[in-house]
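> Provided herewith: my_file-v2.tsv, TSV, C-alpha atoms.
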chain	number	residue	atom	x	y	z
I	1	MET	CA	-6.60	18.14	-9.95
I	2	ALA	CA	-2.86	17.76	-9.58
I	3	VAL	CA	-1.31	14.35	-9.89
I	4	ARG	CA	1.88	12.89	-8.52
I	5	GLN	CA	4.48	12.50	-11.24
I	6	ARG	CA	8.03	11.24	-11.41
I	7	ARG	CA	10.48	10.25	-14.10
I	8	CYS	CA	11.99	6.83	-14.61
I	9	GLY	CA	15.75	6.80	-14.67
I	10	GLY	CA	18.68	5.61	-12.60
I	11	GLY	CA	17.36	4.46	-9.24
I	12	ALA	CA	13.81	4.90	-10.48
I	13	LEU	CA	14.16	1.88	-12.78
I	14	ALA	CA	12.84	-0.61	-10.24
I	15	VAL	CA	9.62	1.29	-9.65
I	16	CYS	CA	8.82	2.00	-13.27
I	17	ALA	CA	9.73	-1.44	-14.61
I	18	LEU	CA	7.37	-3.15	-12.18
I	19	ALA	CA	4.60	-0.69	-12.86
I	20	VAL	CA	4.82	-1.10	-16.61
I	21	ALA	CA	5.39	-4.87	-16.65
I	22	GLY	CA	2.41	-5.48	-14.39
I	23	VAL	CA	4.33	-5.53	-12.50
I	24	MET	CA	8.92	-10.23	6.48
I	25	ALA	CA	12.37	-13.57	13.17
I	26	VAL	CA	9.34	-11.43	14.57
I	27	GLY	CA	6.05	-12.73	15.89
I	28	THR	CA	2.99	-10.54	16.33
I	29	GLY	CA	-0.57	-10.99	17.37
I	30	CYS	CA	-3.68	-8.90	17.99
I	31	ALA	CA	-6.39	-9.62	20.50
I	32	GLY	CA	-9.77	-10.06	18.93
I	33	ALA	CA	-11.59	-6.76	18.64
I	34	GLY	CA	-14.87	-7.94	17.24
I	35	PRO	CA	-16.48	-10.56	15.05
I	36	GLY	CA	-14.84	-11.64	11.81
I	37	ALA	CA	-15.48	-9.79	8.61
I	38	ASP	CA	-17.51	-10.66	5.64
I	39	GLY	CA	-14.73	-10.61	3.06
I	40	GLY	CA	-17.05	-10.39	0.09
I	41	GLY	CA	-18.17	-7.37	-1.84
I	42	ASP	CA	-16.20	-4.18	-2.10
I	43	GLY	CA	-14.59	-3.92	1.30
I	44	GLY	CA	-15.55	-6.60	3.78
I	45	GLY	CA	-17.81	-6.19	6.75
I	46	GLY	CA	-17.11	-6.83	10.38
I	47	GLY	CA	-18.53	-6.20	13.80
I	48	GLY	CA	-17.88	-3.27	16.05
I	49	THR	CA	-14.51	-2.91	17.71
I	50	GLY	CA	-15.61	-1.10	20.84
I	51	ARG	CA	-14.15	2.27	19.82
I	52	ARG	CA	-16.32	5.36	19.88
I	53	ALA	CA	-17.67	6.83	16.69
I	54	VAL	CA	-15.38	9.13	14.80
I	55	ALA	CA	-15.79	12.87	15.25
I	56	GLY	CA	-17.68	14.44	12.47
I	57	SER	CA	-19.93	11.42	11.98
I	58	GLY	CA	-22.42	13.67	10.30
I	59	GLY	CA	-19.81	15.16	8.02
I	60	THR	CA	-19.63	18.43	10.03
I	61	ASP	CA	-16.07	18.04	11.37
I	62	ASP	CA	-13.14	19.33	9.31
I	63	PRO	CA	-12.85	16.64	6.63
I	64	ALA	CA	-9.06	17.03	6.33
I	65	ALA	CA	-8.62	16.57	10.11
I	66	VAL	CA	-10.75	13.43	10.04
I	67	VAL	CA	-8.73	11.91	7.21
I	68	ARG	CA	-5.34	12.86	8.73
I	69	ARG	CA	-6.26	10.91	11.90
I	70	ALA	CA	-6.86	7.69	9.95
I	71	ALA	CA	-3.35	6.24	10.46
I	72	ASP	CA	-3.58	6.73	14.24
I	73	VAL	CA	-7.01	5.07	14.35
I	74	LEU	CA	-5.65	2.07	12.44
I	75	ALA	CA	-2.68	1.79	14.80
I	76	GLY	CA	-5.13	1.67	17.70
I	77	ALA	CA	-7.18	-1.00	15.99
I	78	GLY	CA	-4.20	-3.35	15.58
I	79	CYS	CA	-4.58	-6.03	12.93
I	80	ALA	CA	-6.76	-6.44	9.87
I	81	GLU	CA	-7.12	-8.48	6.73
I	82	THR	CA	-6.48	-6.73	3.45
I	83	ARG	CA	-7.09	-7.08	-0.25
I	84	THR	CA	-5.28	-4.90	-2.72
I	85	SER	CA	-5.19	-4.15	-6.40
I	86	MET	CA	-2.80	-2.08	-8.46
I	87	GLU	CA	-3.85	-1.17	-11.96
I	88	THR	CA	-1.36	0.30	-14.39
I	89	ALA	CA	-2.25	1.97	-17.64
I	90	ALA	CA	0.31	2.85	-20.30
I	91	GLY	CA	-0.16	3.40	-24.00
I	92	GLY	CA	-3.69	2.03	-23.96
I	93	THR	CA	-2.68	-1.18	-22.12
I	94	ARG	CA	-4.09	-1.93	-18.68
I	95	VAL	CA	-2.61	-4.51	-16.28
I	96	THR	CA	-3.87	-5.34	-12.77
I	97	ILE	CA	-1.85	-6.90	-9.94
I	98	ARG	CA	-3.85	-8.29	-7.00
I	99	GLY	CA	-2.85	-9.06	-3.43
I	100	GLU	CA	-4.38	-10.57	-0.32
I	101	GLY	CA	-3.09	-10.96	3.24
I	102	ALA	CA	-3.07	-9.42	6.72
I	103	TYR	CA	-1.34	-6.53	8.46
I	104	ASP	CA	-0.51	-5.48	12.02
I	105	PHE	CA	-0.79	-1.69	12.14
I	106	ARG	CA	0.65	-1.45	15.67
I	107	ARG	CA	3.93	-3.15	14.73
I	108	GLN	CA	3.74	-2.27	11.04
I	109	LEU	CA	4.32	-5.85	9.92
I	110	GLY	CA	2.38	-7.71	7.29
I	111	ARG	CA	2.24	-10.60	4.85
I	112	ILE	CA	0.64	-10.35	1.42
I	113	LYS	CA	0.41	-12.83	-1.48
I	114	VAL	CA	0.72	-10.94	-4.75
I	115	VAL	CA	-0.63	-12.45	-7.97
I	116	LEU	CA	0.73	-11.17	-11.27
I	117	PRO	CA	-1.49	-11.30	-14.35
I	118	LYS	CA	-0.56	-14.03	-16.82
I	119	ASP	CA	0.59	-11.69	-19.54
I	120	ALA	CA	2.94	-9.89	-17.12
I	121	ALA	CA	5.07	-12.99	-16.53
I	122	GLY	CA	5.28	-14.46	-20.02
I	123	ALA	CA	3.69	-17.57	-21.44
I	124	GLY	CA	4.80	-19.75	-18.55
I	125	GLY	CA	3.14	-17.64	-15.91
I	126	HIS	CA	4.54	-16.99	-12.44
I	127	ARG	CA	3.90	-18.38	-8.99
I	128	PRO	CA	2.35	-15.87	-6.56
I	129	ILE	CA	4.94	-13.65	-4.92
I	130	THR	CA	4.94	-13.63	-1.11
I	131	GLU	CA	5.72	-10.20	0.29
I	132	LEU	CA	6.60	-9.47	3.92
I	133	LEU	CA	6.31	-5.84	4.94
I	134	ALA	CA	8.30	-4.31	7.80
I	135	PRO	CA	9.37	-0.78	8.76
I	136	GLY	CA	11.91	0.28	6.15
I	137	ALA	CA	11.97	-3.09	4.36
I	138	LEU	CA	10.18	-5.18	1.77
I	139	TYR	CA	10.91	-8.94	1.51
I	140	MET	CA	9.88	-10.88	-1.60
I	141	LYS	CA	9.83	-14.64	-2.25
I	142	ASN	CA	9.19	-16.37	-5.58
I	143	ARG	CA	10.57	-13.20	-7.04
I	144	GLY	CA	11.83	-14.82	-10.22
I	145	ALA	CA	14.48	-13.03	-12.32
I	146	GLY	CA	17.18	-15.52	-11.36
I	147	VAL	CA	16.46	-15.60	-7.60
I	148	PRO	CA	16.47	-19.17	-6.17
I	149	ALA	CA	12.98	-20.35	-5.27
I	150	ASP	CA	13.88	-20.86	-1.60
I	151	LYS	CA	15.42	-17.41	-1.15
I	152	TRP	CA	14.06	-14.01	-0.23
I	153	VAL	CA	14.96	-10.65	-1.72
I	154	ARG	CA	15.22	-7.77	0.75
I	155	ILE	CA	14.67	-4.20	-0.44
I	156	ASP	CA	15.43	-1.15	1.71
I	157	THR	CA	12.32	0.96	1.15
I	158	THR	CA	14.04	4.10	2.44
I	159	ARG	CA	16.23	3.89	-0.66
I	160	LEU	CA	13.39	3.46	-3.12
I	161	GLU	CA	12.41	6.60	-4.93
I	162	ASP	CA	8.75	5.78	-4.35
I	163	GLY	CA	9.15	4.57	-0.74
I	164	ASN	CA	7.43	1.31	-1.76
I	165	LEU	CA	4.23	3.04	-2.74
I	166	VAL	CA	4.16	1.01	-5.96
I	167	THR	CA	7.43	-0.99	-6.21
I	168	GLY	CA	6.09	-4.26	-4.78
I	169	GLY	CA	2.97	-4.25	-6.92
I	170	VAL	CA	1.04	-3.45	-3.75
I	171	THR	CA	1.11	-0.33	-1.61
I	172	ASP	CA	2.28	-1.07	1.95
I	173	PRO	CA	-0.96	-0.74	4.00
I	174	MET	CA	0.73	1.48	6.59
I	175	ALA	CA	2.25	3.66	3.89
I	176	ALA	CA	-1.18	4.03	2.30
I	177	ALA	CA	-2.58	5.19	5.65
I	178	GLU	CA	0.41	7.39	6.55
I	179	LEU	CA	0.11	9.12	3.21
I	180	LEU	CA	-3.27	10.43	4.36
I	181	ARG	CA	-1.48	12.54	7.01
I	182	GLY	CA	-0.70	14.87	4.14
I	183	ALA	CA	-4.35	15.26	3.14
I	184	ASP	CA	-5.41	18.64	1.85
I	185	GLY	CA	-8.34	20.02	-0.11
I	186	VAL	CA	-10.52	17.28	1.40
I	187	THR	CA	-14.22	17.24	0.72
I	188	TYR	CA	-16.89	15.06	2.34
I	189	ARG	CA	-18.75	13.22	-0.40
I	190	GLY	CA	-21.49	11.61	1.68
I	191	ARG	CA	-22.40	8.22	3.09
I	192	THR	CA	-22.39	4.91	1.29
I	193	GLU	CA	-22.00	1.21	2.13
I	194	LEU	CA	-19.19	-1.31	1.57
I	195	ALA	CA	-20.19	-4.96	2.02
I	196	GLY	CA	-22.77	-4.11	4.63
I	197	VAL	CA	-20.64	-1.56	6.51
I	198	ALA	CA	-21.76	2.08	6.58
I	199	VAL	CA	-18.90	4.35	5.54
I	200	ARG	CA	-18.20	8.01	4.82
I	201	HIS	CA	-16.52	8.93	1.58
I	202	TYR	CA	-13.81	11.64	1.51
I	203	ARG	CA	-11.88	12.89	-1.51
I	204	GLY	CA	-8.77	15.03	-1.60
I	205	VAL	CA	-5.09	15.29	-2.49
I	206	ALA	CA	-2.25	14.00	-0.28
I	207	ASP	CA	0.99	15.98	-0.13
I	208	ILE	CA	3.77	13.41	0.26
I	209	GLY	CA	6.22	15.88	1.79
I	210	ARG	CA	3.70	16.92	4.44
I	211	ALA	CA	2.83	13.28	5.09
I	212	ALA	CA	6.52	12.42	5.57
I	213	ARG	CA	6.98	15.20	8.12
I	214	ALA	CA	3.89	14.09	10.07
I	215	ALA	CA	4.47	10.32	9.72
I	216	SER	CA	5.22	7.94	12.57
I	217	PRO	CA	9.00	7.44	13.06
I	218	SER	CA	9.04	3.96	11.50
I	219	ALA	CA	7.25	5.14	8.36
I	220	ARG	CA	9.01	8.48	7.96
I	221	GLY	CA	12.09	7.23	6.10
I	222	ALA	CA	10.21	5.59	3.24
I	223	LEU	CA	7.84	8.51	2.78
I	224	ALA	CA	10.73	10.96	2.91
I	225	ALA	CA	12.35	9.00	0.09
I	226	ALA	CA	9.12	9.20	-1.89
I	227	ALA	CA	8.89	12.93	-1.27
I	228	LYS	CA	12.31	13.34	-2.90
I	229	GLY	CA	11.71	10.86	-5.69
I	230	PHE	CA	8.57	12.34	-7.20
I	231	SER	CA	8.56	15.62	-9.09
I	232	VAL	CA	4.99	16.73	-8.26
I	233	ASP	CA	4.12	16.52	-4.58
I	234	ALA	CA	0.42	15.58	-4.79
I	235	VAL	CA	-1.50	12.28	-4.91
I	236	PRO	CA	-5.28	12.36	-5.47
I	237	PHE	CA	-7.17	9.93	-3.23
I	238	ASP	CA	-10.58	8.64	-2.23
I	239	VAL	CA	-10.94	7.15	1.26
I	240	TYR	CA	-13.89	5.47	2.98
I	241	LEU	CA	-14.03	5.53	6.81
I	242	ASP	CA	-16.48	3.65	9.01
I	243	ASP	CA	-18.22	5.19	12.03
I	244	GLU	CA	-15.16	4.50	14.20
I	245	GLY	CA	-12.80	6.25	11.81
I	246	LEU	CA	-11.28	3.04	10.48
I	247	VAL	CA	-10.16	2.99	6.87
I	248	ARG	CA	-12.24	0.46	4.99
I	249	LYS	CA	-11.08	1.42	1.53
I	250	VAL	CA	-8.55	3.86	0.10
I	251	ARG	CA	-7.60	4.51	-3.50
I	252	HIS	CA	-4.54	6.54	-4.56
I	253	ARG	CA	-3.76	7.66	-8.10
I	254	PHE	CA	-0.10	8.01	-9.11
I	255	SER	CA	1.28	9.23	-12.41
I	256	PHE	CA	4.74	8.56	-13.85
I	257	ALA	CA	6.64	10.10	-16.70
I	258	THR	CA	8.65	7.54	-18.67
I	259	GLU	CA	10.65	7.46	-21.88
I	260	GLY	CA	7.61	5.91	-23.51
I	261	PRO	CA	3.91	6.50	-22.83
I	262	ALA	CA	2.94	8.09	-19.52
I	263	VAL	CA	2.03	5.53	-16.85
I	264	THR	CA	-0.91	5.86	-14.48
I	265	VAL	CA	-1.03	3.63	-11.40
I	266	VAL	CA	-4.22	3.29	-9.35
I	267	SER	CA	-3.60	1.57	-6.00
I	268	THR	CA	-6.62	0.36	-4.02
I	269	MET	CA	-6.58	-1.16	-0.51
I	270	LEU	CA	-9.53	-2.78	1.27
I	271	LEU	CA	-9.45	-3.51	5.02
I	272	TYR	CA	-11.75	-5.85	6.96
I	273	GLY	CA	-11.63	-8.50	9.69
I	274	PHE	CA	-10.21	-6.12	12.29
I	275	GLY	CA	-8.79	-7.87	15.34
I	276	ILE	CA	-7.68	-11.09	13.65
I	277	PRO	CA	-4.37	-12.54	14.88
I	278	VAL	CA	-1.43	-11.80	12.58
I	279	SER	CA	1.93	-13.55	12.82
I	280	VAL	CA	4.89	-12.51	10.67
I	281	ARG	CA	8.35	-14.11	10.76
I	282	LEU	CA	11.07	-12.22	8.97
I	283	PRO	CA	13.64	-14.27	7.04
I	284	ALA	CA	17.01	-15.13	8.58
I	285	ASP	CA	20.06	-13.56	6.94
I	286	ALA	CA	21.01	-16.94	5.44
I	287	ASP	CA	17.69	-17.06	3.60
I	288	ILE	CA	18.17	-13.72	1.85
I	289	TYR	CA	19.54	-13.67	-1.69
I	290	THR	CA	22.33	-11.15	-2.19
I	291	GLY	CA	23.25	-11.83	-5.82
I	292	ARG	CA	22.42	-9.80	-8.87
I	293	ILE	CA	18.84	-9.94	-10.07
I	294	GLN	CA	18.19	-10.16	-13.78
I	295	GLN	CA	16.06	-7.56	-15.42
I	296	GLY	CA	13.13	-8.89	-17.32
I	297	ARG	CA	9.41	-9.27	-17.42
I	298	SER	CA	9.29	-11.08	-14.08
I	299	GLY	CA	10.47	-7.86	-12.46
I	300	PRO	CA	13.16	-5.20	-12.32
I	301	GLU	CA	16.64	-5.33	-10.98
I	302	THR	CA	16.70	-4.88	-7.22
I	303	PRO	CA	18.37	-1.61	-6.25
Since I need it in another form, could you write the structure as structure tokens?

Amino acid sequence: MAVRQRRCGGGALAVCALAVAGVMAVGTGCAGAGPGADGGGDGGGGGGTGRRAVAGSGGTDDPAAVVRRAADVLAGAGCAETRTSMETAAGGTRVTIRGEGAYDFRRQLGRIKVVLPKDAAGAGGHRPITELLAPGALYMKNRGAGVPADKWVRIDTTRLEDGNLVTGGVTDPMAAAELLRGADGVTYRGRTELAGVAVRHYRGVADIGRAARAASPSARGALAAAAKGFSVDAVPFDVYLDDEGLVRKVRHRFSFATEGPAVTVVSTMLLYGFGIPVSVRLPADADIYTGRIQQGRSGPETP
């Protein structure tokens, strides 16, 4: 199976440094669409949302068509809670970054607390990084690397060579879903269960260029940047959809070529608690740090 590869150099430094090291004023809200989720287990449960069952509930519909619709189904669902993990492997060393928060798929705004592993931040450790996600932008607080504690760093994701698929240590939930618009070679792997929710497992390869062309307007710029920044246009994935077509879990596997050992990044996103209210307030201009960011183990230089 083909894997997505890219080289680290020039503008790619930010992406690769974070991967190897282990390393959002807007208000939003979603009307409740069902009971709260059970956040335990592998994906979180949750009650029905009132939407009809997804076509192909028996696995007879075109699997690729089912998967490509996933981003639209999430946009219709509105808000959800999320847990993420990003595992990097290089030269026999594995490091995992974990995140937890909530996301509004209609407005494509979210807030996630990212926890770096102890050995990725040095002996002193690092406070959790707060990330705000918005169309075309990533905001980070407690960034370290010389950034004042009360300031945010803003990154234009349309200028990142990975489109923020791995830069923030967490894949933007909408980007993870939009990437599925490029699904090809999809096979239906059968039914299973995630934390009490019946799901259907699909496996395939996402073409980032195709996904960028089919993406929603607000997500197109970042994915287009990723399509240019990677040298092999394919990302293997596994996705688990419930009976309404909602993504409950998706795992993407990225591969990077570096000057040292090759780096593999496995990004996993779990979604649950659909319909919860989500409020995101983007930082004012005065709260955004515009100085130079030091390179180091707490993270790369901001492009």
> So, with all atoms listed in the file as the atoms that count, which of I:Pro277, I:Gly196, I:Gly163, I:Gly185 lies closest to I:Ala227?
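Closest to I:Ala227, using all atoms listed in the file: I:Gly163.
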> Could you check the closest approach to I:Ala195 for each of I:Ile288, I:Leu270, I:Ala80, I:Ala65 and tell me which residue wins, using all atoms listed in the file?
I:Leu270
> State, in Å with one decimal place, the distance from atom CA of I:Arg181 to atom CA of I:Val280.
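According to the coordinates, atom CA of I:Arg181 and atom CA of I:Val280 are separated by 26.1 Å.
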> My list of candidates is I:Arg213, I:Arg191, I:Arg143, I:Arg106. Which is closest to I:Asp72 when distances are computed with all atoms listed in the file?
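Closest to I:Asp72 of all the choices is I:Arg106.
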> Need to verify the contact set: I:Ala89, 7 Å, only C-alpha atoms, exclusion of same-chain residues closer than 3 positions in sequence. Can you return it as number ranges by chain?
I: 92-95, 263-265
> From the options I:Leu165, I:Ala198, I:Leu223, I:Ile276, which residue's atoms come nearest to I:Val247, counting only C-alpha atoms?
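Checking each of I:Leu165, I:Ala198, I:Leu223, I:Ile276 against I:Val247, counting only C-alpha atoms, the winner is I:Ala198.
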> With only C-alpha atoms as the basis for distance, which of I:Ala75, I:Ala262, I:Val170, I:Val153 is at the shortest distance from I:Ala90?
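With only C-alpha atoms as the atom set, the closest residue is I:Ala262.
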> In Å, with one decimal, what is the gap from atom CA of I:Ala177 to atom CA of I:Gly209?
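Taking atom CA of I:Ala177 as the start and atom CA of I:Gly209 as the end point, the length is 14.4 Å.
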> Near stretch 236-244 of chain I, counting only C-alpha atoms, which residues have an atom at most 6 Å away, once you skip same-chain residues fewer than 4 positions from it, shown as a ChimeraX atom specification?
/I:52-54,199-205,248-253
> Rounded to one decimal, what separation in Å do you get between atom CA of I:Leu179 and atom CA of I:Arg281?
25.8 Å
> Would you mind telling me which residue in I:Arg220, I:Lys228, I:Arg98, I:Arg127 lies nearest to I:Met174 when using all atoms listed in the file?
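Of the candidates, the smallest distance to I:Met174 is held by I:Arg220.
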> With the cut-off set at 12 Å and counting all atoms listed in the file, tabulate each residue of stretch 118-186 of chain I with an atom at most that distance from an atom of stretch 81-88 of chain I, showing the nearest atom pair and its distance in Å to one decimal, ordered by chain and increasing number, as CSV.

residue,atom,partner,partner_atom,distance
I:Ala120,CA,I:Thr88,CA,11.4
I:Leu165,CA,I:Met86,CA,10.4
I:Val166,CA,I:Met86,CA,8.0
I:Thr167,CA,I:Met86,CA,10.5
I:Gly168,CA,I:Met86,CA,9.9
I:Gly169,CA,I:Met86,CA,6.4
I:Val170,CA,I:Met86,CA,6.2
I:Thr171,CA,I:Thr84,CA,7.9
I:Asp172,CA,I:Thr84,CA,9.7
I:Pro173,CA,I:Thr82,CA,8.2
I:Met174,CA,I:Thr82,CA,11.4
I:Ala176,CA,I:Thr84,CA,11.0
> Counting all atoms listed in the file, note down every residue that has an atom within 12 Å of the point (9.7, 10.0, 0.9) (file coordinates), as an NGL selection string.
:I and (136 or 157-165 or 175 or 178-179 or 182 or 207-215 or 219-231 or 233)
